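Below: coords-v2.cif (mmCIF, C-alpha atoms)
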```cif
data_input
loop_
_atom_site.label_atom_id
_atom_site.label_comp_id
_atom_site.auth_asym_id
_atom_site.auth_seq_id
_atom_site.Cartn_x
_atom_site.Cartn_y
_atom_site.Cartn_z
CA MET A 1450 -27.07 45.00 31.04
CA LEU A 1451 -29.80 46.49 33.23
CA ILE A 1452 -27.48 49.35 34.18
CA LEU A 1453 -26.52 49.98 30.56
CA SER A 1454 -30.15 49.96 29.48
CA ALA A 1455 -31.03 52.29 32.39
CA PHE A 1456 -28.33 54.72 31.26
CA PHE A 1457 -29.64 54.83 27.69
CA SER A 1458 -33.29 55.12 28.75
CA GLY A 1459 -32.69 57.77 31.39
CA SER A 1460 -30.31 59.86 29.32
CA GLU A 1461 -32.73 59.85 26.39
CA THR A 1462 -35.46 61.34 28.57
CA ALA A 1463 -33.00 63.74 30.22
CA LEU A 1464 -31.65 65.13 26.97
CA MET A 1465 -35.07 65.43 25.34
CA THR A 1466 -36.63 67.20 28.34
CA LEU A 1467 -33.88 69.75 28.92
CA ASN A 1468 -35.23 73.28 29.05
CA ARG A 1469 -33.88 74.73 25.79
CA TYR A 1470 -33.80 78.30 27.12
CA ARG A 1471 -31.88 77.32 30.24
CA LEU A 1472 -29.59 75.21 28.06
CA ARG A 1473 -28.79 78.19 25.82
CA HIS A 1474 -28.14 80.30 28.92
CA LEU A 1475 -25.70 77.68 30.25
CA VAL A 1476 -24.01 77.51 26.84
CA LYS A 1477 -23.46 81.30 27.00
CA LEU A 1478 -21.91 80.77 30.45
CA LYS A 1479 -19.57 78.20 28.83
CA HIS A 1480 -20.86 75.22 30.83
CA ALA A 1481 -19.01 72.30 29.19
CA GLY A 1482 -21.78 69.70 29.61
CA ALA A 1483 -24.40 72.13 28.33
CA ILE A 1484 -22.27 72.88 25.26
CA LYS A 1485 -21.98 69.14 24.46
CA ALA A 1486 -25.73 68.60 25.02
CA HIS A 1487 -26.59 71.60 22.86
CA GLN A 1488 -24.40 70.30 20.02
CA LEU A 1489 -26.00 66.86 20.20
CA LEU A 1490 -29.51 68.31 20.21
CA GLN A 1491 -28.85 70.17 16.97
CA ARG A 1492 -29.37 66.82 15.23
CA PRO A 1493 -31.88 64.85 17.33
CA ASP A 1494 -32.11 62.18 14.63
CA ARG A 1495 -28.46 61.25 15.16
CA LEU A 1496 -28.71 61.43 18.94
CA LEU A 1497 -31.84 59.28 19.09
CA GLY A 1498 -30.37 56.83 16.58
CA LEU A 1499 -27.31 56.38 18.81
CA ILE A 1500 -29.32 56.07 22.04
CA LEU A 1501 -31.74 53.57 20.58
CA LEU A 1502 -28.92 51.56 19.01
CA GLY A 1503 -27.30 51.24 22.45
CA ASN A 1504 -30.57 50.51 24.21
CA GLN A 1505 -31.59 47.85 21.70
CA PHE A 1506 -28.18 46.19 22.01
CA ALA A 1507 -28.44 46.14 25.83
CA ASN A 1508 -32.00 44.81 25.83
CA ILE A 1509 -31.43 42.10 23.22
CA PHE A 1510 -28.20 41.02 24.90
CA ALA A 1511 -29.98 40.79 28.27
CA ALA A 1512 -32.75 38.71 26.69
CA SER A 1513 -30.20 36.39 25.09
CA ILE A 1514 -28.34 35.90 28.38
CA THR A 1515 -31.62 35.25 30.21
CA THR A 1516 -32.60 32.61 27.64
CA VAL A 1517 -29.24 30.84 27.89
CA ILE A 1518 -29.37 30.84 31.71
CA ALA A 1519 -32.96 29.54 31.72
CA ILE A 1520 -32.10 26.69 29.35
CA ARG A 1521 -28.96 25.71 31.30
CA LEU A 1522 -30.59 25.83 34.72
CA TYR A 1523 -33.83 24.11 33.73
CA PRO A 1524 -33.23 22.16 30.50
CA GLU A 1525 -36.20 19.85 31.07
CA GLU A 1526 -38.65 22.61 31.96
CA GLU A 1527 -40.48 23.89 28.86
CA SER A 1528 -41.70 27.06 30.55
CA SER A 1529 -38.25 28.16 31.79
CA ILE A 1530 -37.74 30.56 28.86
CA ALA A 1531 -41.16 32.15 29.38
CA ILE A 1532 -40.56 32.54 33.11
CA GLY A 1533 -37.12 34.04 32.45
CA ALA A 1534 -38.61 36.45 29.92
CA GLY A 1535 -41.32 37.47 32.39
CA LEU A 1536 -38.83 38.09 35.19
CA LEU A 1537 -36.53 40.04 32.85
CA THR A 1538 -39.46 42.16 31.66
CA ILE A 1539 -40.39 43.12 35.21
CA ALA A 1540 -36.77 43.84 36.17
CA MET A 1541 -36.15 45.93 33.04
CA LEU A 1542 -39.40 47.82 33.45
CA ILE A 1543 -38.58 48.80 37.04
CA PHE A 1544 -34.79 49.26 36.92
CA SER A 1545 -34.10 50.14 33.28
CA GLU A 1546 -37.14 52.10 32.18
CA VAL A 1547 -39.49 53.67 34.71
CA THR A 1548 -36.99 54.56 37.46
CA PRO A 1549 -34.30 56.17 35.26
CA LYS A 1550 -36.86 57.94 33.07
CA THR A 1551 -38.69 59.33 36.10
CA LEU A 1552 -35.43 60.57 37.62
CA ALA A 1553 -34.42 62.09 34.29
CA ALA A 1554 -37.76 63.85 33.86
CA ILE A 1555 -37.48 65.37 37.35
CA LYS A 1556 -33.75 66.25 37.20
CA PRO A 1557 -32.73 66.25 33.52
CA GLU A 1558 -29.45 68.14 33.92
CA LEU A 1559 -28.18 65.59 36.45
CA LEU A 1560 -28.01 62.92 33.75
CA ALA A 1561 -28.04 64.89 30.49
CA PHE A 1562 -24.75 66.77 30.87
CA PRO A 1563 -22.54 63.80 31.83
CA ALA A 1564 -24.30 61.65 29.21
CA ALA A 1565 -23.60 64.28 26.54
CA TRP A 1566 -19.86 63.70 27.00
CA ILE A 1567 -20.29 59.96 26.59
CA TYR A 1568 -22.58 60.31 23.56
CA THR A 1569 -20.20 62.69 21.82
CA GLY A 1570 -17.49 60.01 21.88
CA LEU A 1571 -19.88 57.15 21.05
CA LEU A 1572 -21.29 59.06 18.10
CA LYS A 1573 -17.81 59.35 16.60
CA VAL A 1574 -17.28 55.58 16.94
CA PHE A 1575 -20.73 54.43 15.81
CA TYR A 1576 -21.51 57.16 13.27
CA PRO A 1577 -21.36 54.79 10.26
CA ILE A 1578 -24.13 52.62 11.78
CA VAL A 1579 -26.14 55.59 13.06
CA GLY A 1580 -25.77 57.38 9.73
CA PHE A 1581 -26.91 54.29 7.81
CA VAL A 1582 -30.01 53.89 10.00
CA ASN A 1583 -30.80 57.62 9.83
CA LEU A 1584 -30.57 57.52 6.04
CA PHE A 1585 -33.69 55.35 6.00
CA VAL A 1586 -35.38 57.17 8.89
CA ASN A 1587 -34.94 60.58 7.25
CA LEU A 1588 -36.17 59.17 3.93
CA LEU A 1589 -39.32 57.84 5.58
CA LEU A 1590 -39.89 61.17 7.33
CA ARG A 1591 -39.39 63.09 4.07
CA LEU A 1592 -42.03 60.89 2.46
CA GLY A 1593 -44.31 62.12 5.24
CA GLY A 1594 -43.41 65.74 4.47
CA ILE A 1595 -41.00 66.27 7.38
CA ASN A 1596 -37.45 67.51 6.84
CA VAL A 1597 -35.32 66.70 9.90
CA LYS A 1598 -32.72 69.36 9.14
CA GLU A 1599 -35.35 72.12 8.99
CA ASN A 1600 -37.42 70.96 11.97
CA GLY A 1601 -34.64 69.74 14.25
CA HIS A 1602 -34.41 72.61 16.69
CA GLU A 1603 -37.37 74.96 16.70
CA THR A 1604 -37.07 77.12 19.80
CA GLN A 1605 -38.84 80.33 18.85
CA LEU A 1606 -41.80 81.22 21.00
CA SER A 1607 -45.03 82.43 19.46
CA LYS A 1608 -46.68 85.52 20.91
CA GLU A 1609 -49.29 83.32 22.61
CA GLU A 1610 -46.61 81.11 24.21
CA LEU A 1611 -44.68 84.15 25.45
CA LYS A 1612 -47.86 85.63 26.89
CA SER A 1613 -48.59 82.34 28.70
CA ILE A 1614 -45.09 82.22 30.19
CA ILE A 1615 -45.25 85.81 31.44
CA THR A 1616 -48.80 85.40 32.76
CA GLU A 1617 -47.82 82.21 34.58
CA GLY A 1618 -44.76 83.90 36.06
CA LEU A 1619 -46.84 86.83 37.25
CA SER A 1620 -49.46 84.60 38.87
CA ARG A 1621 -46.94 82.60 40.95
CA LYS A 1622 -47.07 83.14 44.67
CA SER A 1623 -43.31 82.71 45.13
CA LYS A 1624 -42.69 86.46 45.53
CA PRO A 1625 -44.29 88.39 48.35
CA ALA A 1626 -47.26 90.37 47.07
CA HIS A 1627 -46.47 93.28 49.42
CA SER A 1628 -42.99 93.76 48.01
CA ARG A 1629 -42.70 97.15 46.32
CA ASN A 1630 -40.24 95.84 43.72
CA TRP A 1631 -42.41 92.82 42.91
CA ARG A 1632 -45.47 95.04 42.35
CA PHE A 1633 -43.39 97.27 40.07
CA ILE A 1634 -42.15 94.29 38.02
CA LYS A 1635 -45.69 92.97 37.76
CA LYS A 1636 -47.02 96.33 36.50
CA VAL A 1637 -44.22 96.71 33.93
CA SER A 1638 -44.68 93.15 32.66
CA THR A 1639 -48.44 93.60 32.38
CA ALA A 1640 -47.95 96.86 30.47
CA LEU A 1641 -45.44 95.24 28.12
CA LEU A 1642 -47.84 92.37 27.51
CA ALA A 1643 -50.65 94.77 26.67
CA PHE A 1644 -48.42 96.85 24.39
CA TYR A 1645 -46.52 94.20 22.47
CA ILE A 1646 -48.88 91.25 22.38
#
```
Have the structure of the file written as structure tokens, please.
Amino acid sequence: MLILSAFFSGSETALMTLNRYRLRHLVKLKHAGAIKAHQLLQRPDRLLGLILLGNQFANIFAASITTVIAIRLYPEEESSIAIGAGLLTIAMLIFSEVTPKTLAAIKPELLAFPAAWIYTGLLKVFYPIVGFVNLFVNLLLRLGGINVKENGHETQLSKEELKSIITEGLSRKSKPAHSRNWRFIKKVSTALLAFYI
């Protein structure tokens, strides 16, 4: 159950932290995993509903198994359930939450693309449950003035965001400052920034 929970936790972070511009580039290159991930991210409410359904199942099942084991091993000990819960919490925190989420945040494509294949199949199987849950979730969000279908995949950059990206790219020390081509690119980019933004 720890491995299953780790998969759901890590893949959630991986899919949600994918660089959307790189993802679209990989989709244009017909990368199969990127195409699946891109399709799933068109409706994040469905994707998150599926991931959280799986993660909740794994976590609750692990807690149930831990309780049964604690009672069977130490039936006379009143604190056995609490000790089991404490040990499970520490194990899940390390192995099923922090480690997979950290890995996924650092290398999202490593987990996101294979997971997208699995989630595509799981979504077909569990769509009735996910759809039922999302019915209520979307209703609650609408009451708060948020329409999931309209706000699901905003990827347009504002002028200020574009300016920040270009300025950051120009300030990086990764290219040699003495390179003639690099100086030319920097001048053209600065001129375009001044002209268009």
Picked residues, the PyMOL selection byres ((chain A and resi 1452) around 10), as a list in words: Met1450, Leu1451, Leu1453, Ser1454, Ala1455, Phe1456, Phe1457, Ser1458, Ala1507, Met1541, Phe1544, Ser1545 and Pro1549 of chain A
Would you output that residue set with C-alpha atoms, as a PDB file, in the coordinates of the input?
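Just written: out39.pdb:
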```pdb
ATOM      1  CA  MET A1450     -27.070  45.000  31.040  1.00  0.00           C
ATOM      2  CA  LEU A1451     -29.800  46.490  33.230  1.00  0.00           C
ATOM      3  CA  LEU A1453     -26.520  49.980  30.560  1.00  0.00           C
ATOM      4  CA  SER A1454     -30.150  49.960  29.480  1.00  0.00           C
ATOM      5  CA  ALA A1455     -31.030  52.290  32.390  1.00  0.00           C
ATOM      6  CA  PHE A1456     -28.330  54.720  31.260  1.00  0.00           C
ATOM      7  CA  PHE A1457     -29.640  54.830  27.690  1.00  0.00           C
ATOM      8  CA  SER A1458     -33.290  55.120  28.750  1.00  0.00           C
ATOM      9  CA  ALA A1507     -28.440  46.140  25.830  1.00  0.00           C
ATOM     10  CA  MET A1541     -36.150  45.930  33.040  1.00  0.00           C
ATOM     11  CA  PHE A1544     -34.790  49.260  36.920  1.00  0.00           C
ATOM     12  CA  SER A1545     -34.100  50.140  33.280  1.00  0.00           C
ATOM     13  CA  PRO A1549     -34.300  56.170  35.260  1.00  0.00           C
TER      14      PRO A1549
END
```
Using all atoms listed in the file: which of A:Ser1513, A:Ala1463, A:Ile1520, A:Arg1495 has the shortest distance to Leu1584 (chain A):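 Answer, going by the shortest atom-to-atom distance: A:Arg1495.
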Shortest interatomic distance to Leu1571 (chain A) - which of A:Leu1499, A:Leu1464, A:Leu1559, A:Ala1481, counting all atoms listed in the file: A:Leu1499
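Put simply, CA of Arg1469 (chain A) is 11.4 Å away from CA of Glu1558 (chain A).
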Interatomic distance, CA of Thr1516 (chain A) to CA of Thr1548 (chain A) (Å, one decimal):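 One can read the CA of Thr1516 (chain A) to CA of Thr1548 (chain A) distance as 24.4 Å.
Atom pair CA of Leu1592 (chain A) / CA of Asp1494 (chain A): separated by 15.8 Å.
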Expected selection from the PyMOL selection byres ((chain A and resi 1497) around 12), given as a ChimeraX atom specification: /A:1457-1458,1460-1462,1464-1465,1489-1496,1498-1505,1568,1572,1579-1580,1582-1583,1586,1601
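Residues in contact with region 1470-1474 of chain A at up to 10 Å, not including ones fewer than 2 positions away on its chain and judged by all atoms listed in the file, are Leu1467, Asn1468, Val1476, Lys1477, Leu1478, Lys1479, His1480, Gly1482, Ala1483, Ile1484, Ala1486, His1487, Glu1558, Thr1604 and Gln1605 of chain A.
Closest approach to Gly1459 (chain A) among A:Gly1533, A:Gly1594, A:Pro1563, A:Pro1524: A:Pro1563, based on only C-alpha atoms.
Proximity ranking of A:Ala1554, A:Ala1512, A:Ala1565, A:Val1597 relative to Ala1540 (chain A) places A:Ala1512 first, based on all atoms listed in the file.
Of the residues listed (A:Ala1561, A:Ile1595, A:Ile1578, A:Ala1534), A:Ala1534 shows the shortest atom-to-atom separation from Asn1508 (chain A); distances use only C-alpha atoms.
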If I wrap all listed atoms of region 1512-1525 of chain A in a box with edges along x, y and z and add 6 Å on each side, what are its centre and edge lengths in Å to one decimal, as AutoDock Vina command-line options?
```
--center_x -32.3 --center_y 29.3 --center_z 29.9 --size_x 19.9 --size_y 30.9 --size_z 21.6
```
Export C-alpha atoms of region 1475-1627 of chain A from the structure just given, as a PDB file, in the first residue's frame?
```
ATOM      1  CA  LEU A1475       6.559  17.518 -26.844  1.00  0.00           C
ATOM      2  CA  VAL A1476       2.952  17.067 -27.997  1.00  0.00           C
ATOM      3  CA  LYS A1477       3.882  18.721 -31.319  1.00  0.00           C
ATOM      4  CA  LEU A1478       6.776  16.250 -31.563  1.00  0.00           C
ATOM      5  CA  LYS A1479       4.212  13.445 -31.061  1.00  0.00           C
ATOM      6  CA  HIS A1480       5.670  12.201 -27.757  1.00  0.00           C
ATOM      7  CA  ALA A1481       3.095   9.587 -26.679  1.00  0.00           C
ATOM      8  CA  GLY A1482       3.392  10.161 -22.917  1.00  0.00           C
ATOM      9  CA  ALA A1483       3.200  13.927 -23.366  1.00  0.00           C
ATOM     10  CA  ILE A1484       0.053  13.562 -25.482  1.00  0.00           C
ATOM     11  CA  LYS A1485      -1.626  11.464 -22.753  1.00  0.00           C
ATOM     12  CA  ALA A1486      -0.544  13.911 -20.024  1.00  0.00           C
ATOM     13  CA  HIS A1487      -1.756  16.880 -22.053  1.00  0.00           C
ATOM     14  CA  GLN A1488      -5.162  15.245 -22.569  1.00  0.00           C
ATOM     15  CA  LEU A1489      -5.507  14.503 -18.858  1.00  0.00           C
ATOM     16  CA  LEU A1490      -4.530  18.048 -17.887  1.00  0.00           C
ATOM     17  CA  GLN A1491      -7.316  19.494 -20.028  1.00  0.00           C
ATOM     18  CA  ARG A1492      -9.662  18.510 -17.179  1.00  0.00           C
ATOM     19  CA  PRO A1493      -7.651  18.760 -13.945  1.00  0.00           C
ATOM     20  CA  ASP A1494     -10.811  18.198 -11.896  1.00  0.00           C
ATOM     21  CA  ARG A1495     -11.173  14.688 -13.315  1.00  0.00           C
ATOM     22  CA  LEU A1496      -7.475  13.920 -13.006  1.00  0.00           C
ATOM     23  CA  LEU A1497      -7.267  15.107  -9.403  1.00  0.00           C
ATOM     24  CA  GLY A1498     -10.492  13.294  -8.542  1.00  0.00           C
ATOM     25  CA  LEU A1499      -9.016  10.031  -9.850  1.00  0.00           C
ATOM     26  CA  ILE A1500      -5.642  10.505  -8.146  1.00  0.00           C
ATOM     27  CA  LEU A1501      -7.177  11.397  -4.813  1.00  0.00           C
ATOM     28  CA  LEU A1502      -9.650   8.514  -5.038  1.00  0.00           C
ATOM     29  CA  GLY A1503      -6.729   6.111  -5.492  1.00  0.00           C
ATOM     30  CA  ASN A1504      -4.620   7.748  -2.802  1.00  0.00           C
ATOM     31  CA  GLN A1505      -7.460   7.746  -0.273  1.00  0.00           C
ATOM     32  CA  PHE A1506      -8.154   4.082  -0.982  1.00  0.00           C
ATOM     33  CA  ALA A1507      -4.471   3.169  -0.486  1.00  0.00           C
ATOM     34  CA  ASN A1508      -4.134   5.201   2.714  1.00  0.00           C
ATOM     35  CA  ILE A1509      -7.358   3.965   4.313  1.00  0.00           C
ATOM     36  CA  PHE A1510      -6.588   0.369   3.362  1.00  0.00           C
ATOM     37  CA  ALA A1511      -3.099   0.678   4.879  1.00  0.00           C
ATOM     38  CA  ALA A1512      -4.582   2.111   8.079  1.00  0.00           C
ATOM     39  CA  SER A1513      -7.109  -0.727   8.263  1.00  0.00           C
ATOM     40  CA  ILE A1514      -4.413  -3.378   7.789  1.00  0.00           C
ATOM     41  CA  THR A1515      -2.223  -1.711  10.427  1.00  0.00           C
ATOM     42  CA  THR A1516      -5.120  -1.703  12.911  1.00  0.00           C
ATOM     43  CA  VAL A1517      -5.889  -5.385  12.312  1.00  0.00           C
ATOM     44  CA  ILE A1518      -2.213  -6.356  12.688  1.00  0.00           C
ATOM     45  CA  ALA A1519      -1.856  -4.299  15.884  1.00  0.00           C
ATOM     46  CA  ILE A1520      -4.942  -5.904  17.448  1.00  0.00           C
ATOM     47  CA  ARG A1521      -3.871  -9.443  16.488  1.00  0.00           C
ATOM     48  CA  LEU A1522      -0.273  -9.073  17.643  1.00  0.00           C
ATOM     49  CA  TYR A1523      -1.041  -7.242  20.885  1.00  0.00           C
ATOM     50  CA  PRO A1524      -4.688  -7.892  21.814  1.00  0.00           C
ATOM     51  CA  GLU A1525      -4.139  -7.044  25.485  1.00  0.00           C
ATOM     52  CA  GLU A1526      -2.207  -3.838  24.834  1.00  0.00           C
ATOM     53  CA  GLU A1527      -4.548  -0.820  24.674  1.00  0.00           C
ATOM     54  CA  SER A1528      -1.975   1.432  23.035  1.00  0.00           C
ATOM     55  CA  SER A1529      -1.159  -0.981  20.171  1.00  0.00           C
ATOM     56  CA  ILE A1530      -3.500   0.797  17.733  1.00  0.00           C
ATOM     57  CA  ALA A1531      -2.018   4.206  18.571  1.00  0.00           C
ATOM     58  CA  ILE A1532       1.532   2.896  18.191  1.00  0.00           C
ATOM     59  CA  GLY A1533       0.624   1.256  14.872  1.00  0.00           C
ATOM     60  CA  ALA A1534      -0.972   4.486  13.666  1.00  0.00           C
ATOM     61  CA  GLY A1535       2.118   6.463  14.677  1.00  0.00           C
ATOM     62  CA  LEU A1536       4.488   4.088  12.898  1.00  0.00           C
ATOM     63  CA  LEU A1537       2.291   4.052   9.788  1.00  0.00           C
ATOM     64  CA  THR A1538       2.164   7.857   9.774  1.00  0.00           C
ATOM     65  CA  ILE A1539       5.957   8.119   9.853  1.00  0.00           C
ATOM     66  CA  ALA A1540       6.388   5.441   7.169  1.00  0.00           C
ATOM     67  CA  MET A1541       3.768   7.013   4.894  1.00  0.00           C
ATOM     68  CA  LEU A1542       5.174  10.488   5.378  1.00  0.00           C
ATOM     69  CA  ILE A1543       8.690   9.389   4.385  1.00  0.00           C
ATOM     70  CA  PHE A1544       7.996   6.734   1.736  1.00  0.00           C
ATOM     71  CA  SER A1545       4.599   7.718   0.330  1.00  0.00           C
ATOM     72  CA  GLU A1546       4.543  11.498   0.516  1.00  0.00           C
ATOM     73  CA  VAL A1547       7.749  13.496   0.890  1.00  0.00           C
ATOM     74  CA  THR A1548      10.140  11.269  -1.108  1.00  0.00           C
ATOM     75  CA  PRO A1549       7.920  10.699  -4.182  1.00  0.00           C
ATOM     76  CA  LYS A1550       6.700  14.305  -4.222  1.00  0.00           C
ATOM     77  CA  THR A1551      10.245  15.658  -3.984  1.00  0.00           C
ATOM     78  CA  LEU A1552      11.399  13.387  -6.806  1.00  0.00           C
ATOM     79  CA  ALA A1553       8.380  14.397  -8.889  1.00  0.00           C
ATOM     80  CA  ALA A1554       8.983  18.104  -8.306  1.00  0.00           C
ATOM     81  CA  ILE A1555      12.618  17.755  -9.408  1.00  0.00           C
ATOM     82  CA  LYS A1556      12.006  15.393 -12.366  1.00  0.00           C
ATOM     83  CA  PRO A1557       8.301  15.642 -13.267  1.00  0.00           C
ATOM     84  CA  GLU A1558       8.538  14.038 -16.718  1.00  0.00           C
ATOM     85  CA  LEU A1559      10.130  10.906 -15.253  1.00  0.00           C
ATOM     86  CA  LEU A1560       6.902  10.032 -13.451  1.00  0.00           C
ATOM     87  CA  ALA A1561       4.251  12.079 -15.257  1.00  0.00           C
ATOM     88  CA  PHE A1562       4.458  10.471 -18.696  1.00  0.00           C
ATOM     89  CA  PRO A1563       4.291   6.815 -17.596  1.00  0.00           C
ATOM     90  CA  ALA A1564       1.603   7.718 -15.037  1.00  0.00           C
ATOM     91  CA  ALA A1565      -0.473   9.399 -17.754  1.00  0.00           C
ATOM     92  CA  TRP A1566      -0.835   6.040 -19.513  1.00  0.00           C
ATOM     93  CA  ILE A1567      -2.019   4.385 -16.310  1.00  0.00           C
ATOM     94  CA  TYR A1568      -4.417   7.213 -15.448  1.00  0.00           C
ATOM     95  CA  THR A1569      -5.965   7.198 -18.905  1.00  0.00           C
ATOM     96  CA  GLY A1570      -7.007   3.566 -18.404  1.00  0.00           C
ATOM     97  CA  LEU A1571      -8.035   4.047 -14.766  1.00  0.00           C
ATOM     98  CA  LEU A1572     -10.156   7.058 -15.664  1.00  0.00           C
ATOM     99  CA  LYS A1573     -12.159   4.936 -18.104  1.00  0.00           C
ATOM    100  CA  VAL A1574     -12.791   2.308 -15.409  1.00  0.00           C
ATOM    101  CA  PHE A1575     -13.524   4.663 -12.502  1.00  0.00           C
ATOM    102  CA  TYR A1576     -15.176   7.519 -14.402  1.00  0.00           C
ATOM    103  CA  PRO A1577     -18.629   6.921 -12.845  1.00  0.00           C
ATOM    104  CA  ILE A1578     -17.183   7.429  -9.336  1.00  0.00           C
ATOM    105  CA  VAL A1579     -14.907  10.298 -10.375  1.00  0.00           C
ATOM    106  CA  GLY A1580     -17.750  11.955 -12.287  1.00  0.00           C
ATOM    107  CA  PHE A1581     -20.085  11.648  -9.299  1.00  0.00           C
ATOM    108  CA  VAL A1582     -17.527  13.215  -6.943  1.00  0.00           C
ATOM    109  CA  ASN A1583     -16.691  15.978  -9.442  1.00  0.00           C
ATOM    110  CA  LEU A1584     -20.377  16.811  -9.798  1.00  0.00           C
ATOM    111  CA  PHE A1585     -20.351  18.029  -6.196  1.00  0.00           C
ATOM    112  CA  VAL A1586     -16.864  19.542  -6.395  1.00  0.00           C
ATOM    113  CA  ASN A1587     -17.728  21.583  -9.496  1.00  0.00           C
ATOM    114  CA  LEU A1588     -21.007  22.686  -7.897  1.00  0.00           C
ATOM    115  CA  LEU A1589     -19.164  23.924  -4.814  1.00  0.00           C
ATOM    116  CA  LEU A1590     -16.618  25.745  -6.983  1.00  0.00           C
ATOM    117  CA  ARG A1591     -19.389  27.350  -9.059  1.00  0.00           C
ATOM    118  CA  LEU A1592     -20.961  28.625  -5.851  1.00  0.00           C
ATOM    119  CA  GLY A1593     -17.608  30.305  -5.232  1.00  0.00           C
ATOM    120  CA  GLY A1594     -17.667  31.855  -8.717  1.00  0.00           C
ATOM    121  CA  ILE A1595     -15.200  29.453 -10.357  1.00  0.00           C
ATOM    122  CA  ASN A1596     -16.065  27.546 -13.528  1.00  0.00           C
ATOM    123  CA  VAL A1597     -13.713  24.573 -13.921  1.00  0.00           C
ATOM    124  CA  LYS A1598     -14.291  24.261 -17.663  1.00  0.00           C
ATOM    125  CA  GLU A1599     -13.324  27.896 -18.284  1.00  0.00           C
ATOM    126  CA  ASN A1600     -10.368  28.016 -15.880  1.00  0.00           C
ATOM    127  CA  GLY A1601      -8.975  24.523 -16.406  1.00  0.00           C
ATOM    128  CA  HIS A1602      -6.010  25.271 -18.634  1.00  0.00           C
ATOM    129  CA  GLU A1603      -4.928  28.889 -18.717  1.00  0.00           C
ATOM    130  CA  THR A1604      -1.521  28.994 -20.366  1.00  0.00           C
ATOM    131  CA  GLN A1605      -1.366  32.437 -21.929  1.00  0.00           C
ATOM    132  CA  LEU A1606       1.427  34.638 -20.681  1.00  0.00           C
ATOM    133  CA  SER A1607       0.815  38.261 -19.815  1.00  0.00           C
ATOM    134  CA  LYS A1608       3.215  40.869 -21.164  1.00  0.00           C
ATOM    135  CA  GLU A1609       4.804  41.189 -17.710  1.00  0.00           C
ATOM    136  CA  GLU A1610       5.332  37.407 -17.442  1.00  0.00           C
ATOM    137  CA  LEU A1611       6.878  37.261 -20.923  1.00  0.00           C
ATOM    138  CA  LYS A1612       9.162  40.159 -20.071  1.00  0.00           C
ATOM    139  CA  SER A1613      10.267  38.375 -16.871  1.00  0.00           C
ATOM    140  CA  ILE A1614      11.035  35.167 -18.770  1.00  0.00           C
ATOM    141  CA  ILE A1615      13.089  36.951 -21.425  1.00  0.00           C
ATOM    142  CA  THR A1616      14.891  39.111 -18.864  1.00  0.00           C
ATOM    143  CA  GLU A1617      15.722  36.043 -16.771  1.00  0.00           C
ATOM    144  CA  GLY A1618      16.973  34.197 -19.845  1.00  0.00           C
ATOM    145  CA  LEU A1619      19.166  37.119 -20.821  1.00  0.00           C
ATOM    146  CA  SER A1620      20.665  37.446 -17.346  1.00  0.00           C
ATOM    147  CA  ARG A1621      21.740  33.778 -17.116  1.00  0.00           C
ATOM    148  CA  LYS A1622      25.449  33.130 -17.171  1.00  0.00           C
ATOM    149  CA  SER A1623      25.117  29.842 -19.058  1.00  0.00           C
ATOM    150  CA  LYS A1624      26.244  31.345 -22.379  1.00  0.00           C
ATOM    151  CA  PRO A1625      29.685  32.884 -22.728  1.00  0.00           C
ATOM    152  CA  ALA A1626      29.447  36.664 -22.608  1.00  0.00           C
ATOM    153  CA  HIS A1627      32.226  37.025 -25.212  1.00  0.00           C
TER     154      HIS A1627
END
```
